[in-house]
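Chemist: data15.tsv (TSV, C-alpha atoms) pasted underneath:
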```
chain	number	residue	atom	x	y	z
A	257	MET	CA	106.65	89.17	79.20
A	258	GLN	CA	109.09	90.51	81.76
A	259	LYS	CA	109.06	88.51	84.98
A	260	ASN	CA	108.49	91.52	87.24
A	261	ARG	CA	106.41	93.81	85.03
A	262	ILE	CA	103.36	95.10	86.92
A	263	LEU	CA	100.12	94.62	84.96
A	264	GLY	CA	97.79	96.68	87.16
A	265	PRO	CA	98.20	99.99	85.27
A	266	TRP	CA	97.59	98.21	81.96
A	267	ARG	CA	94.45	96.55	83.31
A	268	ARG	CA	93.05	99.81	84.69
A	269	SER	CA	93.80	101.66	81.44
A	270	PHE	CA	92.00	98.96	79.48
A	271	GLN	CA	89.02	99.14	81.84
A	272	TRP	CA	88.81	102.93	81.40
A	273	LEU	CA	89.07	102.56	77.64
A	274	ILE	CA	86.20	100.06	77.52
A	275	SER	CA	84.10	102.16	79.92
A	276	LEU	CA	84.60	105.36	77.92
A	277	LEU	CA	83.78	103.50	74.72
A	278	ILE	CA	80.49	102.25	76.18
A	279	LEU	CA	79.63	105.74	77.47
A	280	LEU	CA	80.58	107.71	74.37
A	281	LEU	CA	79.51	105.34	71.58
A	282	PRO	CA	75.84	106.44	71.63
A	283	TRP	CA	76.93	110.08	71.22
A	284	GLY	CA	78.89	109.46	68.03
A	285	ARG	CA	77.31	110.13	64.66
A	286	ILE	CA	78.25	109.49	61.03
A	287	ASP	CA	76.38	111.53	58.40
A	288	ASN	CA	73.89	112.50	61.11
A	289	VAL	CA	73.19	108.83	61.90
A	290	SER	CA	74.12	107.32	65.27
A	291	ILE	CA	77.09	104.97	65.36
A	292	LEU	CA	75.02	102.47	67.34
A	293	ARG	CA	71.39	102.84	68.33
A	294	ILE	CA	68.23	100.76	68.18
A	295	ASP	CA	65.43	103.06	67.02
A	296	ILE	CA	62.23	101.46	68.29
A	297	PRO	CA	59.69	103.87	66.64
A	298	SER	CA	61.10	103.16	63.16
A	299	LEU	CA	61.98	99.51	63.94
A	300	SER	CA	65.51	100.01	62.67
A	301	LEU	CA	69.10	99.62	63.76
A	302	GLN	CA	71.55	102.48	63.25
A	303	LEU	CA	74.99	100.97	62.84
A	304	PHE	CA	78.11	102.98	61.93
A	305	GLY	CA	76.26	105.42	59.70
A	306	ALA	CA	73.97	102.84	58.07
A	307	THR	CA	70.32	102.25	58.91
A	308	LEU	CA	69.07	98.67	58.82
A	309	ARG	CA	65.30	98.30	58.58
A	310	ILE	CA	63.55	95.41	60.26
A	311	GLU	CA	63.40	93.48	56.98
A	312	GLU	CA	67.20	93.77	56.74
A	313	LEU	CA	67.96	92.52	60.23
A	314	TYR	CA	68.96	89.12	58.88
A	315	LEU	CA	72.33	90.82	58.38
A	316	LEU	CA	72.40	91.47	62.12
A	317	LEU	CA	71.64	87.80	62.78
A	318	PHE	CA	74.59	86.80	60.61
A	319	PHE	CA	76.77	89.28	62.48
A	320	CYS	CA	75.59	87.88	65.84
A	321	LEU	CA	76.45	84.33	64.77
A	322	ILE	CA	79.98	85.46	63.95
A	323	LEU	CA	80.23	87.12	67.38
A	324	VAL	CA	79.08	83.89	69.05
A	325	LEU	CA	81.84	81.92	67.30
A	326	ILE	CA	84.41	84.56	68.30
A	327	PHE	CA	83.10	84.40	71.85
A	328	LEU	CA	83.45	80.61	71.98
A	329	LEU	CA	86.98	80.66	70.60
A	330	THR	CA	88.04	83.53	72.85
A	331	THR	CA	86.69	81.80	75.95
A	332	LEU	CA	88.33	78.50	75.03
A	333	VAL	CA	91.69	80.23	74.59
A	334	PHE	CA	91.69	83.05	77.15
A	335	GLY	CA	89.23	81.83	79.79
A	336	ARG	CA	88.02	84.46	82.24
A	337	VAL	CA	90.37	87.23	81.13
A	338	TRP	CA	87.24	89.11	80.02
A	339	CYS	CA	85.94	88.97	83.60
A	340	GLY	CA	89.10	90.42	85.10
A	341	TRP	CA	90.04	92.94	82.43
A	342	ALA	CA	86.94	94.18	80.59
A	343	CYS	CA	83.67	93.17	82.27
A	344	PRO	CA	81.60	96.21	83.39
A	345	GLN	CA	80.68	94.34	86.58
A	346	THR	CA	84.35	94.06	87.53
A	347	THR	CA	84.89	97.72	86.66
A	348	LEU	CA	81.98	98.76	88.88
A	349	SER	CA	83.27	96.58	91.73
A	350	ASP	CA	86.77	98.04	91.35
A	351	LEU	CA	85.33	101.55	91.34
A	352	ALA	CA	83.24	100.83	94.44
A	353	GLU	CA	86.26	99.50	96.33
A	354	TRP	CA	88.50	102.36	95.13
A	355	SER	CA	85.98	105.03	96.20
A	356	ALA	CA	85.54	103.30	99.58
A	357	GLY	CA	89.30	103.43	100.06
A	358	LYS	CA	89.39	107.13	99.18
A	359	LEU	CA	86.79	107.76	101.88
A	360	LYS	CA	88.86	105.68	104.33
A	361	LEU	CA	86.23	102.96	104.55
A	362	LYS	CA	87.07	99.28	104.76
A	363	ILE	CA	85.26	96.42	103.06
A	364	ASP	CA	85.29	93.27	105.17
A	365	LYS	CA	83.30	90.24	104.04
A	366	TYR	CA	81.53	92.45	101.47
A	367	ARG	CA	80.37	94.90	104.18
A	368	LEU	CA	81.40	98.52	104.56
A	369	GLN	CA	83.06	99.48	107.82
A	370	GLY	CA	83.66	103.05	108.95
A	371	SER	CA	81.94	106.23	110.08
A	372	SER	CA	78.30	106.79	109.13
A	373	TRP	CA	78.85	110.09	107.30
A	374	ARG	CA	81.51	108.54	105.10
A	375	LYS	CA	79.16	105.67	104.30
A	376	ALA	CA	76.44	108.18	103.41
A	377	LEU	CA	78.75	109.98	100.99
A	378	LEU	CA	79.72	106.69	99.39
A	379	HIS	CA	76.08	105.67	98.95
A	380	LEU	CA	75.30	109.02	97.31
A	381	PHE	CA	78.14	108.35	94.88
A	382	PHE	CA	76.73	104.88	94.20
A	383	ILE	CA	73.29	106.37	93.48
A	384	ALA	CA	74.70	108.95	91.06
A	385	LEU	CA	76.75	106.31	89.26
A	386	ALA	CA	73.75	103.97	89.13
A	387	PHE	CA	71.65	106.61	87.35
A	388	LEU	CA	74.52	107.24	84.93
A	389	VAL	CA	74.65	103.52	84.06
A	390	GLY	CA	70.86	103.42	83.64
A	391	SER	CA	70.93	106.49	81.42
A	392	ASN	CA	73.79	105.06	79.39
A	393	LEU	CA	71.70	101.98	78.62
A	394	LEU	CA	68.79	104.13	77.40
A	395	TRP	CA	71.12	106.16	75.15
A	396	TYR	CA	71.33	103.07	72.95
A	397	PHE	CA	67.58	103.41	72.33
A	398	ILE	CA	66.96	107.15	72.72
A	399	GLU	CA	69.23	109.81	71.18
A	400	PRO	CA	71.23	111.13	74.18
A	401	ARG	CA	70.43	114.82	73.69
A	402	GLY	CA	66.77	114.05	73.22
A	403	TYR	CA	66.89	111.79	76.26
A	404	PHE	CA	67.97	114.63	78.57
A	405	VAL	CA	65.33	116.96	77.12
A	406	GLN	CA	62.62	114.37	77.72
A	407	LEU	CA	63.94	113.53	81.19
A	408	PHE	CA	64.07	117.10	82.51
A	409	THR	CA	60.76	118.14	80.91
A	410	GLY	CA	58.91	115.11	82.22
A	411	GLN	CA	58.23	113.76	78.73
A	412	LEU	CA	60.25	110.55	79.04
A	413	HIS	CA	58.13	107.56	78.08
A	414	PRO	CA	56.86	105.64	81.15
A	415	PHE	CA	58.52	102.44	79.90
A	416	ALA	CA	61.86	104.25	79.51
A	417	LEU	CA	61.48	105.87	82.94
A	418	GLY	CA	60.65	102.51	84.50
A	419	THR	CA	63.70	100.95	82.82
A	420	LEU	CA	65.91	103.75	84.15
A	421	LEU	CA	64.67	103.27	87.72
A	422	ILE	CA	64.96	99.46	87.61
A	423	VAL	CA	68.48	99.50	86.15
A	424	ALA	CA	69.61	102.24	88.54
A	425	ALA	CA	68.21	100.31	91.52
A	426	ALA	CA	69.92	97.10	90.38
A	427	VAL	CA	73.29	98.85	89.88
A	428	TYR	CA	73.02	100.59	93.26
A	429	LEU	CA	72.26	97.33	95.08
A	430	ASP	CA	75.14	95.70	93.21
A	431	MET	CA	77.71	98.35	94.16
A	432	ALA	CA	76.46	98.89	97.70
A	433	PHE	CA	75.95	95.29	98.82
A	434	LEU	CA	76.93	92.62	96.28
A	435	ARG	CA	79.98	93.53	94.16
A	436	ARG	CA	82.21	90.43	93.91
A	437	LEU	CA	79.38	88.11	94.99
A	438	ILE	CA	77.88	88.64	91.53
A	439	CYS	CA	81.05	87.28	89.91
A	440	ARG	CA	81.41	84.48	92.41
A	441	ASP	CA	77.87	83.12	92.68
A	442	PHE	CA	75.41	84.73	90.26
A	443	CYS	CA	77.06	85.65	86.95
A	444	PRO	CA	75.63	83.40	84.18
A	445	TYR	CA	78.52	84.27	81.88
A	446	GLY	CA	81.00	83.06	84.48
A	447	ARG	CA	79.12	79.78	84.84
A	448	PHE	CA	79.07	79.35	81.07
A	449	GLN	CA	82.78	80.00	80.88
A	450	THR	CA	83.53	77.26	83.39
A	451	VAL	CA	81.92	74.78	80.98
A	452	LEU	CA	84.15	75.90	78.10
A	453	ILE	CA	87.42	76.16	80.01
A	454	ASP	CA	89.70	73.13	79.79
A	455	LYS	CA	93.29	72.24	80.70
A	456	THR	CA	94.67	74.22	77.76
A	457	THR	CA	92.95	77.52	78.53
A	458	LEU	CA	94.95	80.58	79.61
A	459	ALA	CA	94.93	80.84	83.40
A	460	LEU	CA	96.86	82.33	86.26
A	461	GLN	CA	99.00	79.67	87.88
A	462	LEU	CA	101.74	79.10	90.38
A	463	PRO	CA	103.68	76.31	88.63
A	464	GLU	CA	104.84	73.38	90.72
A	465	SER	CA	108.40	74.15	89.65
A	466	GLU	CA	108.15	77.60	91.28
A	467	ALA	CA	106.41	76.44	94.48
A	468	PRO	CA	109.68	75.82	96.41
A	469	ARG	CA	110.58	79.52	96.01
A	470	CYS	CA	107.34	80.65	97.66
A	471	ILE	CA	108.12	82.46	100.92
A	472	LYS	CA	104.55	82.09	102.26
A	473	CYS	CA	104.10	85.86	102.57
A	474	GLY	CA	100.40	85.67	101.65
A	475	ALA	CA	100.50	88.78	99.45
A	476	CYS	CA	98.77	86.94	96.60
A	477	VAL	CA	95.88	85.92	98.87
A	478	ARG	CA	95.43	89.39	100.37
A	479	SER	CA	95.36	91.02	96.93
A	480	CYS	CA	92.78	88.65	95.43
A	481	PRO	CA	89.37	90.34	95.03
A	482	MET	CA	87.70	86.91	94.88
A	483	GLU	CA	89.35	85.81	98.15
A	484	ILE	CA	90.91	82.65	96.74
A	485	ASP	CA	94.40	81.19	97.19
A	486	ILE	CA	96.20	80.79	93.86
A	487	ARG	CA	98.72	78.52	95.61
A	488	GLN	CA	96.04	75.82	95.83
A	489	GLY	CA	95.79	75.52	92.06
A	490	TYR	CA	93.21	76.70	89.55
A	491	GLN	CA	89.78	77.60	90.96
A	492	ILE	CA	86.72	78.54	88.91
A	493	GLU	CA	86.23	81.72	90.95
A	494	CYS	CA	89.48	83.15	89.54
A	495	ILE	CA	88.73	85.99	87.11
A	496	ASN	CA	92.29	86.21	85.72
A	497	CYS	CA	92.65	89.83	86.85
A	498	GLY	CA	96.35	89.41	87.66
A	499	ARG	CA	96.35	91.11	91.06
A	500	CYS	CA	98.03	88.11	92.67
A	501	LEU	CA	100.63	88.17	89.92
A	502	ASP	CA	101.42	91.83	90.64
A	503	ALA	CA	101.53	91.26	94.40
A	504	CYS	CA	103.95	88.36	94.02
A	505	ARG	CA	106.20	90.26	91.63
A	506	GLN	CA	106.37	93.27	93.95
A	507	VAL	CA	107.39	91.08	96.89
A	508	MET	CA	109.91	89.02	94.94
A	509	SER	CA	111.45	92.06	93.25
A	510	LYS	CA	112.58	93.24	96.70
A	511	ARG	CA	114.51	89.99	96.94
A	512	GLN	CA	115.95	90.55	93.45
A	513	GLN	CA	114.02	87.54	92.16
A	514	PRO	CA	111.36	87.13	89.43
A	515	GLY	CA	107.73	86.59	90.40
A	516	LEU	CA	106.35	83.09	90.80
A	517	ILE	CA	102.84	83.52	89.38
A	518	GLY	CA	102.14	83.95	85.68
A	519	TYR	CA	99.66	83.49	82.85
A	520	TYR	CA	100.06	80.08	81.24
A	521	PHE	CA	98.39	78.16	78.43
A	522	GLY	CA	97.91	74.64	79.74
A	523	VAL	CA	98.30	73.40	83.27
A	524	LYS	CA	101.35	71.34	82.29
A	525	GLY	CA	103.27	74.30	80.93
A	526	ASP	CA	102.73	73.40	77.27
A	527	GLY	CA	102.71	77.10	76.35
A	528	ARG	CA	101.18	78.14	73.04
A	529	ARG	CA	101.36	74.53	71.86
A	530	ALA	CA	98.37	73.88	74.11
A	531	LEU	CA	96.24	75.96	71.72
A	532	ILE	CA	96.49	73.23	69.11
A	533	ASN	CA	93.82	70.86	70.34
A	534	PRO	CA	90.57	69.27	69.08
A	535	ARG	CA	88.38	71.87	70.79
A	536	THR	CA	89.89	75.02	69.28
A	537	LEU	CA	90.67	73.82	65.75
A	538	PRO	CA	87.02	73.55	64.57
A	539	LEU	CA	86.42	77.20	65.60
A	540	ALA	CA	89.67	78.61	64.20
```
What is this structure when it is put down as C-alpha cells?
Modeler:
Amino acid sequence: MQKNRILGPWRRSFQWLISLLILLLPWGRIDNVSILRIDIPSLSLQLFGATLRIEELYLLLFFCLILVLIFLLTTLVFGRVWCGWACPQTTLSDLAEWSAGKLKLKIDKYRLQGSSWRKALLHLFFIALAFLVGSNLLWYFIEPRGYFVQLFTGQLHPFALGTLLIVAAAVYLDMAFLRRLICRDFCPYGRFQTVLIDKTTLALQLPESEAPRCIKCGACVRSCPMEIDIRQGYQIECINCGRCLDACRQVMSKRQQPGLIGYYFGVKGDGRRALINPRTLPLA
C-alpha cells in the first residue's frame, strides 16, 4: 500500500456498493423466483432461483453455520473493519453527517446546530430515508411490487405495517439523535468483536517508531468520527474506518513525507506473520 494513498474514496465506494446491493437484491429474480426472499405464507425461502420448503431448511442451517465460522475468522483477522467500511449503521451515520454538512449544519457532541428551517429540512430527509430502510426490510418478506400495491391501497397486513412504522421510527431516532453513540455504546456486534480481537488482529495504529515524526497537528483526532485519539494506542471504540489515516497522510504529504498511521497486523509490527497463531489456525 502506498504511504500517502487516500482510502476515503475507496471506503465510500464500497459503502455505496453494499447499500445498493441491500436495496436491489429483493428486486432481482431468476426464473421468476426472487434472488432472496422469505415467503411466510408458503413457509419457504427463495434463494438464487431455488425455493427451499420448510422441511428443507436444514440446508439453510448448514449454510448459517458456515457463515458463523467465516464471521469468527474474519473478525479475528480484520477486527472492526466491517464496522468502518460496510456496516449499514456507519453508512447511515455518514449519510446523516454528510447531509447536515450540505445544509450547512454543524454536529457538536451529537447535537445539530444551525438555523431551524435547515434542521427541519434535514429531519424531513431523515424521515424519508427511515421509511425507505423500513420498506427495504419488508421487501425481503413481501415482493417489492406487491408491497407498494398493498401499501398504497391500504391492504398491507397490520403486522407488516406495524413493522414498517417501528423500523422507520427506530432509524429516524438513530439518524436524528444517536448516530455514532450506537457504535460506541450500544452495538452488540461491536461488543462481541472486542471479545474476539487480540494483539494479532488488523488495527489502525501509530507505531512507536513513527511517533517522533508526529507534528502534533491534531488532524487525526479532528477527523475521527468516534472522537478518539489514535496517538494514545488502540481503543475498542475505533471502527477501523481509516479517516485518521487519510488525515495524517494529507498533512504529511504537504511536507513531502509519508503518513504515520497505517493498518497493521499485530501491535508489535509482526505483519502477516501475526496471522499464524493458535486462535486463527483452528478456523482456517
Chemist: Counting all atoms listed in the file, figure out which residue out of A:Met431, A:Arg261, A:Trp341, A:Ile322 gets nearest to Leu273 (chain A).
Modeler: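 Checking each of A:Met431, A:Arg261, A:Trp341, A:Ile322 against Leu273 (chain A), counting all atoms listed in the file, the winner is A:Trp341.
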Chemist: Please produce, as CSV, a per-residue contact table for region 337-396 of chain A versus region 463-482 of chain A (criterion: any atom at most 10 Å away, all atoms listed in the file considered), showing the nearest atom pair and its distance in Å to one decimal, sorted by chain then residue number.
Modeler:
```
residue,atom,partner,partner_atom,distance
A:Gly340,CA,A:Pro481,CA,9.9
A:Thr346,CA,A:Pro481,CA,9.8
A:Ser349,CA,A:Pro481,CA,9.3
A:Asp350,CA,A:Pro481,CA,8.9
A:Glu353,CA,A:Pro481,CA,9.8
```
Chemist: Show me the residues around (83.7, 99.4, 107.5) - criterion: an atom at most 12 Å away, all atoms listed in the file counted - as a ChimeraX atom specification.
Modeler: /A:353,356-357,359-375,378
Chemist: Could you state the separation of CA of Pro282 (chain A) and CA of Pro400 (chain A) in Å, given to one decimal place?
Modeler: 7.1 Å
Chemist: To one decimal place, how far is CA of Asn496 (chain A) from CA of Cys339 (chain A) in Å?
Modeler: 7.2 Å
Chemist: Of the candidates A:Leu462, A:Ala426, A:Phe270, A:Glu399, which one gets nearest to Asn288 (chain A) if we count only C-alpha atoms?
Modeler: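 Checking each candidate against Asn288 (chain A), we get A:Glu399 as the closest.
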Chemist: For Gln345 (chain A), work out the shell of residues within 9 Å, counting only C-alpha atoms and skipping chain neighbours fewer than 6 positions away, then give it as a ChimeraX atom specification.
Modeler: /A:339,430,435-436,438-439
Chemist: Check the smallest atom-to-atom distance from each of A:Ile294, A:Leu303, A:Ala503, A:Ile495 to Cys443 (chain A) using only C-alpha atoms, then report the winner.
Modeler: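 Closest residue, counting only C-alpha atoms: A:Ile495.
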